[in-house]
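Enquirer: Right, I'll just put the structure down here and ask away after.
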Amino acid sequence: MENGLVQQIQIGKVPCLVMSEMNHIVYLILFVFSSFYLEASQIVNNPTSSIEKLDLRSSNDSMRKYKEINPQKSLQFGFQALNSSIEDKISLDLVNTHYYIGESFYYIGDLKSSFEYLSKSLDLYYILDPSDRRNRKVVKPPWVLVIMGNVYYENQKYDAAQEIYLEAIENFNLFDVDYESERLFGLNTAQNNLALIELEQKNYKSSEDLYQEVYQRRLKYGDFSEVLSSNLYLLNLYFLSDNKELAIKNFNIIKLEFENFKNRNSNDFELLKRQYSLANLYYGEYLKKQNDLNESLVFFEQAKELVNSPNDPDLINDLDLINIQIAETLILLDKENQAKKLILESLEKQSLFSKERLTFYALLEQIYTKQNNYVELVKVKDSIIFYNSQPLQRQVEQEFNVLENLLLISEKQNDLNISRSRISRIIEISFFALSVLIIIVLSLKFNFDLQKEKNTRLKLEKDKINEELKLNRRELFSKVNFISQRNDYLNNIRDNLNGDLSNLQNLKNIKREIKNIITSEKAYEEFDKMFSQVYPKFYKRLNKVAKLSQTDLRLASYIKMNHTNNEISRISGISMRSVESQRYRLSKKLDLDKGQDLNNYILEI
């Protein structure tokens, strides 16, 4: 029994073992009687209650509350809800009701019924519309898979359990971000259970890797009780793998937390007390294996003192396991009478599971054999034969195998339905895609013809515009030449008049009139109008670069026409020096770099 408890720890709880035939019948009778009594009481006290329909969601809340501390009561809520539910369609609440019933059966040790309802929960989940699921991406509800894996584990089908736990991990990782804390808790649960399988098969390194991964995650995201649970698992692992140093290190961590919380009355302390009890039990098992019997007995007694509670079912089961260890140690110390007294007290308990009951009878057999008490020895052997025969248990195992095969068939059928649904969806999508493709092709053909017609029209319009632009350019150049020739002519007149000084006043008047003609804006306005038609966006783009005056724009337009400074001087009727001054100011306003050519800059616009 050194490794007994290792097979039973499951995330802060000890999973129940398969019940004996007698216990199963007793629980069934109690359940039927209590259900009948509850229903009869409701009819007497409230005649209308028999026809009232229960809400599945509220029943599920009650089942969630009682499934661990009082699974029988949880089952009452579950069956009453299923029998009177008004729901006529598959819903997430209905899926959860079957899951909670399956989990409750698991906690009372009825693995066959547990597997049956868990399988039904999976079947209902497959039918459920994805939009009604809590996490739409989840293929299978992972908590159902976890309990189903526990059922496989209890039946020692470790390969099947491992496969189910890995599938649960895949689905936990599909949770939405809103359920991050539940996702992490689920990953820890499934990975700890995988570590138990590795531990059962003595793969200590693999088990440690899984435990350490959970431990590091809990250090980052979990609370102190979850962290200490990981310390407990590691402690047990290190004792089993004879790594005493690391085992004692984890033991001291749990002990220190227990001492710190010793005087506090809280739920955390109750959990910590159980963890410390199990730590003492593991330590005692290790010392017993090392044949340090007296010291191991001290740790067993300490463990027993910490869990000696009549109410908590987990603690009651812990107490039975601890009593087995104490009885074994007492026998090894030749204290058979003390061991016998403890065993007989334990056998009087109705809640004792069949596996522990058989272990106690086996220890009694050792004691009576040593004491040569053949009368009692015969009685003990008869009890052992009775509990070992378990014809109903074999039937349960056969039925469990049938259920397992039905589950496989259901999964295959579900896969087939999914494949059919996918094929049907592919056909629908293909038909839709083909229809869309035909519409697109026809639309493209229509648009192509329409575009071709537009392009023909645009080409004709473009050719017409180009012809107009060519005409405007010719007129523009003619206008520039006209202005230039006119200014040349007027300048010649002014020069001739400069030589005649007979009437100074008249000469001044003539010069002023000629200057007015040369600087007249009317000629430039006509030029500017044509320039804007030829280069419609030139001024707009230039003004985006800098704020320019009319003189700057005029100079820029002449440069755009590719005129030299001399030609600009003649056209504008100003001196070369004035043209150079205007060019310098324009370069500054355009913020040109030193050495950057103004003509090239303007011609590129």
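Starting from 1 in every chain, residues are counted up; chains themselves are A, B, ... following the order of the structure tokens, and ligands are numbered from 1 as listed.
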Within 9 Å of A:Leu590, counting only C-alpha atoms, which residues show up once you throw out same-chain ones fewer than 6 positions away? Write them as an MDAnalysis selection string, please.

Expert: chainID A and resid 542 545:548

Enquirer: When you look at A:Tyr368 with a cut-off of 8 Å (counting only C-alpha atoms), what residues show up, excluding the ones that are within fewer than 6 positions of it in the same chain? I need them as an NGL selection string.

Expert: :A and (374 or 376-377)

Enquirer: Which of these residues is nearest to A:Ala362, using only C-alpha atoms: A:Asp382, A:Glu305, A:Asp463, A:Asp292?

Expert: A:Asp382
